[in-house]
$ cat coords-v4.pdb   # PDB, C-alpha atoms
ATOM      1  CA  MET P   1       0.000   0.000   0.000
ATOM      2  CA  SER P   2       1.317   3.435  -0.904
ATOM      3  CA  LEU P   3       1.924   6.098   1.732
ATOM      4  CA  PRO P   4      -1.076   8.225   2.793
ATOM      5  CA  ILE P   5      -0.114  11.498   1.150
ATOM      6  CA  VAL P   6      -2.472  14.367   0.354
ATOM      7  CA  THR P   7      -1.311  17.401  -1.619
ATOM      8  CA  VAL P   8      -2.917  20.833  -1.646
ATOM      9  CA  ASP P   9      -1.602  23.208  -4.308
ATOM     10  CA  GLY P  10      -2.618  26.655  -5.483
ATOM     11  CA  PRO P  11      -1.566  30.302  -5.748
ATOM     12  CA  ALA P  12      -0.679  32.618  -2.864
ATOM     13  CA  GLY P  13      -3.603  33.266  -0.550
ATOM     14  CA  SER P  14      -5.828  30.525  -1.942
ATOM     15  CA  GLY P  15      -6.285  28.913   1.472
ATOM     16  CA  LYS P  16      -3.842  26.004   1.165
ATOM     17  CA  THR P  17      -2.378  26.326   4.645
ATOM     18  CA  THR P  18      -5.734  26.514   6.419
ATOM     19  CA  LEU P  19      -7.178  23.534   4.573
ATOM     20  CA  GLY P  20      -3.962  21.532   4.745
ATOM     21  CA  ARG P  21      -3.562  21.981   8.483
ATOM     22  CA  ARG P  22      -7.187  20.966   9.113
ATOM     23  CA  LEU P  23      -6.753  17.851   6.979
ATOM     24  CA  ALA P  24      -3.500  16.884   8.686
ATOM     25  CA  LEU P  25      -5.219  17.146  12.070
ATOM     26  CA  ALA P  26      -8.177  15.060  10.948
ATOM     27  CA  LEU P  27      -5.976  12.396   9.328
ATOM     28  CA  ASP P  28      -3.318  12.434  12.085
ATOM     29  CA  LEU P  29      -0.544  13.115   9.576
ATOM     30  CA  PRO P  30       2.437  15.499   9.494
ATOM     31  CA  PHE P  31       1.739  18.880   7.880
ATOM     32  CA  ILE P  32       4.383  20.033   5.399
ATOM     33  CA  ASP P  33       4.357  23.594   4.073
ATOM     34  CA  THR P  34       6.844  23.149   1.220
ATOM     35  CA  GLY P  35       7.097  26.888   0.595
ATOM     36  CA  LEU P  36       8.709  27.390   4.001
ATOM     37  CA  PHE P  37      11.881  25.722   2.754
ATOM     38  CA  TYR P  38      12.294  28.366   0.044
ATOM     39  CA  ARG P  39      11.394  31.133   2.472
ATOM     40  CA  ALA P  40      14.033  29.847   4.875
ATOM     41  CA  VAL P  41      16.679  30.177   2.158
ATOM     42  CA  ILE P  42      15.598  33.780   1.516
ATOM     43  CA  VAL P  43      15.823  34.599   5.221
ATOM     44  CA  ALA P  44      19.324  33.111   5.341
ATOM     45  CA  ALA P  45      20.273  35.113   2.252
ATOM     46  CA  SER P  46      18.966  38.309   3.820
ATOM     47  CA  ARG P  47      20.968  37.628   6.982
ATOM     48  CA  ALA P  48      24.044  37.079   4.822
ATOM     49  CA  GLY P  49      23.532  40.397   3.035
ATOM     50  CA  LEU P  50      22.688  38.808  -0.316
ATOM     51  CA  GLY P  51      20.196  40.564  -2.572
ATOM     52  CA  ALA P  52      18.258  40.056  -5.790
ATOM     53  CA  GLY P  53      21.423  40.288  -7.873
ATOM     54  CA  ASP P  54      23.153  37.470  -5.987
ATOM     55  CA  LEU P  55      21.240  34.440  -7.265
ATOM     56  CA  ASP P  56      24.387  32.346  -7.720
ATOM     57  CA  GLY P  57      25.496  33.208  -4.201
ATOM     58  CA  ILE P  58      22.067  32.337  -2.827
ATOM     59  CA  ALA P  59      22.109  29.012  -4.685
ATOM     60  CA  ASP P  60      25.457  28.193  -3.071
ATOM     61  CA  LEU P  61      24.221  29.333   0.339
ATOM     62  CA  ALA P  62      21.070  27.183   0.101
ATOM     63  CA  THR P  63      23.010  23.921   0.402
ATOM     64  CA  GLY P  64      24.474  24.948   3.740
ATOM     65  CA  VAL P  65      21.404  26.345   5.483
ATOM     66  CA  ALA P  66      20.009  24.270   8.358
ATOM     67  CA  ILE P  67      16.227  24.263   7.899
ATOM     68  CA  GLU P  68      13.846  22.806  10.464
ATOM     69  CA  VAL P  69      10.133  22.981   9.618
ATOM     70  CA  ASN P  70       7.397  22.396  12.182
ATOM     71  CA  THR P  71       5.235  19.574  10.832
ATOM     72  CA  ALA P  72       2.924  19.226  13.854
ATOM     73  CA  PRO P  73      -0.518  20.405  12.640
ATOM     74  CA  ASP P  74      -1.673  21.173  16.185
ATOM     75  CA  ASP P  75       1.305  23.409  17.031
ATOM     76  CA  ASP P  76       1.355  26.917  15.577
ATOM     77  CA  SER P  77       3.849  28.315  18.106
ATOM     78  CA  TRP P  78       6.545  28.336  15.414
ATOM     79  CA  GLN P  79       6.803  27.565  11.701
ATOM     80  CA  VAL P  80      10.442  27.176  10.785
ATOM     81  CA  ARG P  81      13.929  27.571  12.218
ATOM     82  CA  VAL P  82      16.747  28.860  10.035
ATOM     83  CA  ASP P  83      20.193  27.874  11.281
ATOM     84  CA  GLY P  84      18.640  27.229  14.668
ATOM     85  CA  THR P  85      16.710  30.475  15.077
ATOM     86  CA  ASP P  86      13.057  31.376  14.553
ATOM     87  CA  PRO P  87      12.696  34.268  12.048
ATOM     88  CA  GLY P  88       9.136  34.977  13.195
ATOM     89  CA  ALA P  89       7.101  37.220  10.901
ATOM     90  CA  GLU P  90      10.118  37.789   8.650
ATOM     91  CA  ILE P  91       9.510  34.379   7.092
ATOM     92  CA  ARG P  92       6.485  35.769   5.224
ATOM     93  CA  ASP P  93       7.656  39.331   4.606
ATOM     94  CA  PRO P  94       5.945  40.456   1.343
ATOM     95  CA  ARG P  95       9.039  42.454   0.426
ATOM     96  CA  HIS P  96      10.836  39.168  -0.249
ATOM     97  CA  ALA P  97       8.208  37.991  -2.752
ATOM     98  CA  GLY P  98      10.118  38.807  -5.938
ATOM     99  CA  LEU P  99      13.315  37.215  -4.703
ATOM    100  CA  LEU P 100      11.385  34.215  -3.402
ATOM    101  CA  THR P 101       9.909  33.545  -6.834
ATOM    102  CA  ALA P 102      13.298  33.922  -8.533
ATOM    103  CA  VAL P 103      15.094  31.639  -6.099
ATOM    104  CA  SER P 104      12.359  28.988  -6.198
ATOM    105  CA  GLN P 105      12.991  28.639  -9.929
ATOM    106  CA  LEU P 106      16.734  27.944  -9.579
ATOM    107  CA  PRO P 107      17.276  24.271 -10.565
ATOM    108  CA  ASP P 108      20.067  23.675  -8.043
ATOM    109  CA  VAL P 109      17.979  25.078  -5.189
ATOM    110  CA  ARG P 110      14.910  23.099  -6.220
ATOM    111  CA  ARG P 111      16.896  19.846  -6.390
ATOM    112  CA  HIS P 112      18.472  20.424  -2.982
ATOM    113  CA  LEU P 113      15.232  21.348  -1.235
ATOM    114  CA  LEU P 114      13.218  18.532  -2.812
ATOM    115  CA  SER P 115      14.761  15.877  -0.564
ATOM    116  CA  LEU P 116      14.241  18.085   2.503
ATOM    117  CA  GLN P 117      10.578  18.568   1.592
ATOM    118  CA  ARG P 118      10.032  14.832   1.183
ATOM    119  CA  ALA P 119      11.860  13.738   4.325
ATOM    120  CA  PRO P 120       9.047  14.443   6.839
ATOM    121  CA  ALA P 121       6.637  12.267   4.833
ATOM    122  CA  ALA P 122       8.199   8.923   5.767
ATOM    123  CA  ARG P 123       4.841   7.762   7.169
ATOM    124  CA  GLY P 124       2.651   9.985   5.008
ATOM    125  CA  ALA P 125       1.744  13.668   5.128
ATOM    126  CA  VAL P 126      -0.483  16.488   4.020
ATOM    127  CA  ALA P 127       1.719  18.763   1.912
ATOM    128  CA  VAL P 128       0.843  22.234   0.657
ATOM    129  CA  GLY P 129       2.575  24.410  -1.904
ATOM    130  CA  ARG P 130       2.781  25.158  -5.614
ATOM    131  CA  ASP P 131       3.874  21.848  -7.114
ATOM    132  CA  CYS P 132       3.289  19.224  -4.434
ATOM    133  CA  GLY P 133       1.019  17.132  -6.633
ATOM    134  CA  THR P 134       3.155  17.429  -9.754
ATOM    135  CA  VAL P 135       6.765  17.398  -8.480
ATOM    136  CA  VAL P 136       7.203  16.851  -4.739
ATOM    137  CA  PHE P 137       4.680  14.015  -4.283
ATOM    138  CA  PRO P 138       3.438  12.992  -7.740
ATOM    139  CA  GLU P 139       2.367   9.627  -6.275
ATOM    140  CA  ALA P 140       0.000  11.256  -3.719
ATOM    141  CA  ALA P 141      -3.234   9.374  -3.083
ATOM    142  CA  VAL P 142      -5.321  12.561  -3.095
ATOM    143  CA  LYS P 143      -4.454  15.780  -4.909
ATOM    144  CA  LEU P 144      -6.283  19.065  -4.478
ATOM    145  CA  TYR P 145      -5.803  22.354  -6.287
ATOM    146  CA  LEU P 146      -7.319  25.510  -4.810
ATOM    147  CA  GLN P 147      -8.253  28.606  -6.768
ATOM    148  CA  ALA P 148      -9.707  31.977  -5.772
ATOM    149  CA  THR P 149      -9.900  35.526  -7.096
ATOM    150  CA  ALA P 150      -6.927  37.839  -6.602
ATOM    151  CA  ALA P 151      -9.001  40.155  -4.389
ATOM    152  CA  LEU P 152     -10.015  37.325  -2.065
ATOM    153  CA  ARG P 153      -6.472  36.011  -1.901
ATOM    154  CA  ALA P 154      -5.100  39.456  -1.044
ATOM    155  CA  ALA P 155      -7.632  39.821   1.771
ATOM    156  CA  ARG P 156      -6.690  36.415   3.185
ATOM    157  CA  ARG P 157      -2.986  37.194   2.906
ATOM    158  CA  ALA P 158      -3.472  40.477   4.786
ATOM    159  CA  ALA P 159      -5.354  38.693   7.566
ATOM    160  CA  GLN P 160      -2.612  36.066   7.801
ATOM    161  CA  LEU P 161       0.136  38.663   8.070
ATOM    162  CA  LYS P 162      -1.743  40.658  10.684
ATOM    163  CA  GLY P 163      -2.294  37.481  12.678
ATOM    164  CA  GLU P 164       1.443  36.851  12.652
ATOM    165  CA  GLY P 165       2.174  40.376  13.849
ATOM    166  CA  ALA P 166       3.589  41.591  10.539
ATOM    167  CA  ALA P 167       2.991  45.035   9.074
ATOM    168  CA  VAL P 168       0.646  45.072   6.091
ATOM    169  CA  ASP P 169       1.124  47.581   3.289
ATOM    170  CA  PRO P 170      -1.664  47.230   0.675
ATOM    171  CA  GLU P 171       0.542  48.220  -2.265
ATOM    172  CA  THR P 172       3.314  45.807  -1.241
ATOM    173  CA  LEU P 173       0.775  43.052  -0.718
ATOM    174  CA  GLU P 174      -0.856  43.653  -4.108
ATOM    175  CA  ALA P 175       2.573  43.552  -5.748
ATOM    176  CA  GLU P 176       3.353  40.293  -3.956
ATOM    177  CA  ILE P 177       0.172  38.604  -5.149
ATOM    178  CA  SER P 178       0.468  39.754  -8.769
ATOM    179  CA  GLY P 179       4.219  39.165  -8.884
ATOM    180  CA  ARG P 180       4.003  35.656  -7.556
ATOM    181  CA  ASP P 181       1.082  34.826  -9.835
ATOM    182  CA  SER P 182       3.251  35.798 -12.785
ATOM    183  CA  GLY P 183       6.521  34.362 -11.550
ATOM    184  CA  ASP P 184       5.135  31.083 -10.249
ATOM    185  CA  ALA P 185       3.010  30.388 -13.327
ATOM    186  CA  PRO P 186       5.548  28.110 -15.106
ATOM    187  CA  ALA P 187       5.773  25.745 -12.104
ATOM    188  CA  MET P 188       2.238  26.070 -10.790
ATOM    189  CA  ALA P 189      -0.433  24.000 -12.449
ATOM    190  CA  ALA P 190      -2.997  21.528 -11.248
ATOM    191  CA  ALA P 191      -1.933  17.919 -11.607
ATOM    192  CA  PRO P 192      -4.035  16.095 -14.236
ATOM    193  CA  ASP P 193      -5.559  13.952 -11.473
ATOM    194  CA  ALA P 194      -6.136  16.812  -9.011
ATOM    195  CA  VAL P 195      -9.579  17.887  -7.832
ATOM    196  CA  VAL P 196      -9.950  21.651  -8.339
ATOM    197  CA  ILE P 197     -11.816  23.575  -5.625
ATOM    198  CA  ASP P 198     -12.948  27.196  -5.903
ATOM    199  CA  THR P 199     -12.362  28.450  -2.361
ATOM    200  CA  GLY P 200     -14.495  31.513  -2.994
ATOM    201  CA  ALA P 201     -17.531  29.292  -3.461
ATOM    202  CA  HIS P 202     -17.075  27.101  -0.387
ATOM    203  CA  GLY P 203     -16.445  27.760   3.311
ATOM    204  CA  ILE P 204     -13.533  26.089   5.066
ATOM    205  CA  ASP P 205     -15.699  23.538   6.900
ATOM    206  CA  GLU P 206     -17.335  22.524   3.631
ATOM    207  CA  MET P 207     -13.948  22.196   1.925
ATOM    208  CA  VAL P 208     -12.620  20.043   4.753
ATOM    209  CA  GLU P 209     -15.586  17.702   4.401
ATOM    210  CA  MET P 210     -15.162  17.577   0.628
ATOM    211  CA  ALA P 211     -11.470  16.750   1.011
ATOM    212  CA  LEU P 212     -12.046  14.142   3.727
ATOM    213  CA  ALA P 213     -14.654  12.445   1.530
ATOM    214  CA  LEU P 214     -12.023  12.179  -1.216
ATOM    215  CA  CYS P 215      -9.539  10.790   1.299
ATOM    216  CA  ARG P 216     -11.996   8.167   2.503
ATOM    217  CA  ALA P 217     -12.709   7.157  -1.075
ATOM    218  CA  ALA P 218      -8.954   6.745  -1.590
ATOM    219  CA  GLY P 219      -8.708   4.529   1.478
ATOM    220  CA  LEU P 220      -6.950   7.024   3.738
TER     221      LEU P 220
END
$ encode --input "coords-v4.pdb" --output "structure tokens"
Amino acid sequence: MSLPIVTVDGPAGSGKTTLGRRLALALDLPFIDTGLFYRAVIVAASRAGLGAGDLDGIADLATGVAIEVNTAPDDDSWQVRVDGTDPGAEIRDPRHAGLLTAVSQLPDVRRHLLSLQRAPAARGAVAVGRDCGTVVFPEAAVKLYLQATAALRAARRAAQLKGEGAAVDPETLEAEISGRDSGDAPAMAAAPDAVVIDTGAHGIDEMVEMALALCRAAGL
């Protein structure tokens, strides 16, 4: 029997994290936010004084960064540790959005982080991101792809940042959403066997039930 793996993909602010965490709790599986690995590299690069023009330097740095991601779905006290320290709200700073997209497309970085993203799924997992169902866990038993309007995603992103104690600048946030939509497009597509859910048409409780029904049908 294959591992119980569920993937939840979609653009920024589509609701992946909320749905994924709820599913991981219900299924008693680790919760893997694959985007945190890329964000951790950007935080390390920022600490090292590397900027948008230092992509080669960031690619080299990525292989030496110690990244620890919290995979416990019932613990939101911390998300990730970068070289042993918690970056707090900096991990989702919208000002890093452009660099995040650029770095996430570097082949060497993607190859290095792929094994780190897969490691916590030794007994199964619920994984969220951009390409979990197509690249990270193409063998997943259940694949979901979330979509929502840009306005709704921006509102959700603002609420998330405020909840994490981060400052929210509407113009910066709008640029993050549109920039990542454009930059992530080549790598972000629903897997052919994914179930697409419009998160603007369904509440979170309804989506959880829809997803759990798919999981039960898949034997999870």
$ atom_distance --input "coords-v4.pdb" --atom1 "CA of Gly219 (chain P)" --atom2 "CA of Asp193 (chain P)"
16.3 Å
$ resolve_selection --input "coords-v4.pdb" --expression "the PyMOL selection byres ((chain P and resi 15-22) around 9)" --output "PDB file with C-alpha atoms, in the frame of the given file"
ATOM      1  CA  VAL P   6      -2.472  14.367   0.354  1.00  0.00           C
ATOM      2  CA  THR P   7      -1.311  17.401  -1.619  1.00  0.00           C
ATOM      3  CA  VAL P   8      -2.917  20.833  -1.646  1.00  0.00           C
ATOM      4  CA  ASP P   9      -1.602  23.208  -4.308  1.00  0.00           C
ATOM      5  CA  GLY P  10      -2.618  26.655  -5.483  1.00  0.00           C
ATOM      6  CA  PRO P  11      -1.566  30.302  -5.748  1.00  0.00           C
ATOM      7  CA  ALA P  12      -0.679  32.618  -2.864  1.00  0.00           C
ATOM      8  CA  GLY P  13      -3.603  33.266  -0.550  1.00  0.00           C
ATOM      9  CA  SER P  14      -5.828  30.525  -1.942  1.00  0.00           C
ATOM     10  CA  LEU P  23      -6.753  17.851   6.979  1.00  0.00           C
ATOM     11  CA  ALA P  24      -3.500  16.884   8.686  1.00  0.00           C
ATOM     12  CA  LEU P  25      -5.219  17.146  12.070  1.00  0.00           C
ATOM     13  CA  ALA P  26      -8.177  15.060  10.948  1.00  0.00           C
ATOM     14  CA  LEU P  27      -5.976  12.396   9.328  1.00  0.00           C
ATOM     15  CA  PRO P  30       2.437  15.499   9.494  1.00  0.00           C
ATOM     16  CA  PHE P  31       1.739  18.880   7.880  1.00  0.00           C
ATOM     17  CA  ILE P  32       4.383  20.033   5.399  1.00  0.00           C
ATOM     18  CA  ASP P  33       4.357  23.594   4.073  1.00  0.00           C
ATOM     19  CA  ALA P  72       2.924  19.226  13.854  1.00  0.00           C
ATOM     20  CA  PRO P  73      -0.518  20.405  12.640  1.00  0.00           C
ATOM     21  CA  ASP P  74      -1.673  21.173  16.185  1.00  0.00           C
ATOM     22  CA  VAL P 126      -0.483  16.488   4.020  1.00  0.00           C
ATOM     23  CA  ALA P 127       1.719  18.763   1.912  1.00  0.00           C
ATOM     24  CA  VAL P 128       0.843  22.234   0.657  1.00  0.00           C
ATOM     25  CA  GLY P 129       2.575  24.410  -1.904  1.00  0.00           C
ATOM     26  CA  TYR P 145      -5.803  22.354  -6.287  1.00  0.00           C
ATOM     27  CA  LEU P 146      -7.319  25.510  -4.810  1.00  0.00           C
ATOM     28  CA  GLN P 147      -8.253  28.606  -6.768  1.00  0.00           C
ATOM     29  CA  ALA P 148      -9.707  31.977  -5.772  1.00  0.00           C
ATOM     30  CA  ARG P 153      -6.472  36.011  -1.901  1.00  0.00           C
ATOM     31  CA  ARG P 156      -6.690  36.415   3.185  1.00  0.00           C
ATOM     32  CA  THR P 199     -12.362  28.450  -2.361  1.00  0.00           C
ATOM     33  CA  ILE P 204     -13.533  26.089   5.066  1.00  0.00           C
ATOM     34  CA  ASP P 205     -15.699  23.538   6.900  1.00  0.00           C
ATOM     35  CA  MET P 207     -13.948  22.196   1.925  1.00  0.00           C
ATOM     36  CA  VAL P 208     -12.620  20.043   4.753  1.00  0.00           C
ATOM     37  CA  ALA P 211     -11.470  16.750   1.011  1.00  0.00           C
TER      38      ALA P 211
END
$ atom_distance --input "coords-v4.pdb" --atom1 "CA of Arg110 (chain P)" --atom2 "CA of Thr134 (chain P)"
13.5 Å
$ resolve_selection --input "coords-v4.pdb" --expression "the PyMOL selection byres ((chain P and resi 142) around 9)" --output "tab-separated table (two decimals) with C-alpha atoms, in the frame of the given file"
chain	number	residue	atom	x	y	z
P	4	PRO	CA	-1.08	8.22	2.79
P	5	ILE	CA	-0.11	11.50	1.15
P	6	VAL	CA	-2.47	14.37	0.35
P	7	THR	CA	-1.31	17.40	-1.62
P	8	VAL	CA	-2.92	20.83	-1.65
P	133	GLY	CA	1.02	17.13	-6.63
P	139	GLU	CA	2.37	9.63	-6.28
P	140	ALA	CA	0.00	11.26	-3.72
P	141	ALA	CA	-3.23	9.37	-3.08
P	143	LYS	CA	-4.45	15.78	-4.91
P	144	LEU	CA	-6.28	19.07	-4.48
P	193	ASP	CA	-5.56	13.95	-11.47
P	194	ALA	CA	-6.14	16.81	-9.01
P	195	VAL	CA	-9.58	17.89	-7.83
P	211	ALA	CA	-11.47	16.75	1.01
P	214	LEU	CA	-12.02	12.18	-1.22
P	215	CYS	CA	-9.54	10.79	1.30
P	218	ALA	CA	-8.95	6.74	-1.59
P	220	LEU	CA	-6.95	7.02	3.74
$ atom_distance --input "coords-v4.pdb" --atom1 "CA of Ala154 (chain P)" --atom2 "CA of Ala125 (chain P)"
27.4 Å
$ resolve_selection --input "coords-v4.pdb" --expression "the PyMOL selection byres ((chain P and resi 34-51) around 6)" --output "PyMOL selection string"
chain P and resi 32-33+52-54+62+82+91+117+129
$ write_last_selection --input "coords-v4.pdb" --atoms "C-alpha atoms" --output "mmCIF file, keeping the file's coordinate frame"
data_model
loop_
_atom_site.group_PDB
_atom_site.id
_atom_site.type_symbol
_atom_site.label_atom_id
_atom_site.label_comp_id
_atom_site.auth_asym_id
_atom_site.auth_seq_id
_atom_site.Cartn_x
_atom_site.Cartn_y
_atom_site.Cartn_z
ATOM 1 C CA ILE P 32 4.383 20.033 5.399
ATOM 2 C CA ASP P 33 4.357 23.594 4.073
ATOM 3 C CA ALA P 52 18.258 40.056 -5.790
ATOM 4 C CA GLY P 53 21.423 40.288 -7.873
ATOM 5 C CA ASP P 54 23.153 37.470 -5.987
ATOM 6 C CA ALA P 62 21.070 27.183 0.101
ATOM 7 C CA VAL P 82 16.747 28.860 10.035
ATOM 8 C CA ILE P 91 9.510 34.379 7.092
ATOM 9 C CA GLN P 117 10.578 18.568 1.592
ATOM 10 C CA GLY P 129 2.575 24.410 -1.904
#
$ closest_residue --input "coords-v4.pdb" --among "P:Gly88, P:Pro107, P:Gly64, P:Gly200" --to "Ala155 (chain P)" --atoms "all atoms listed in the file"
P:Gly200
$ closest_residue --input "coords-v4.pdb" --among "P:Pro192, P:Ser77, P:Ala151, P:Phe137" --to "Ala89 (chain P)" --atoms "all atoms listed in the file"
P:Ser77
$ closest_residue --input "coords-v4.pdb" --among "P:Ala213, P:Ile58, P:Val65, P:Arg92" --to "Arg157 (chain P)" --atoms "only C-alpha atoms"
P:Arg92
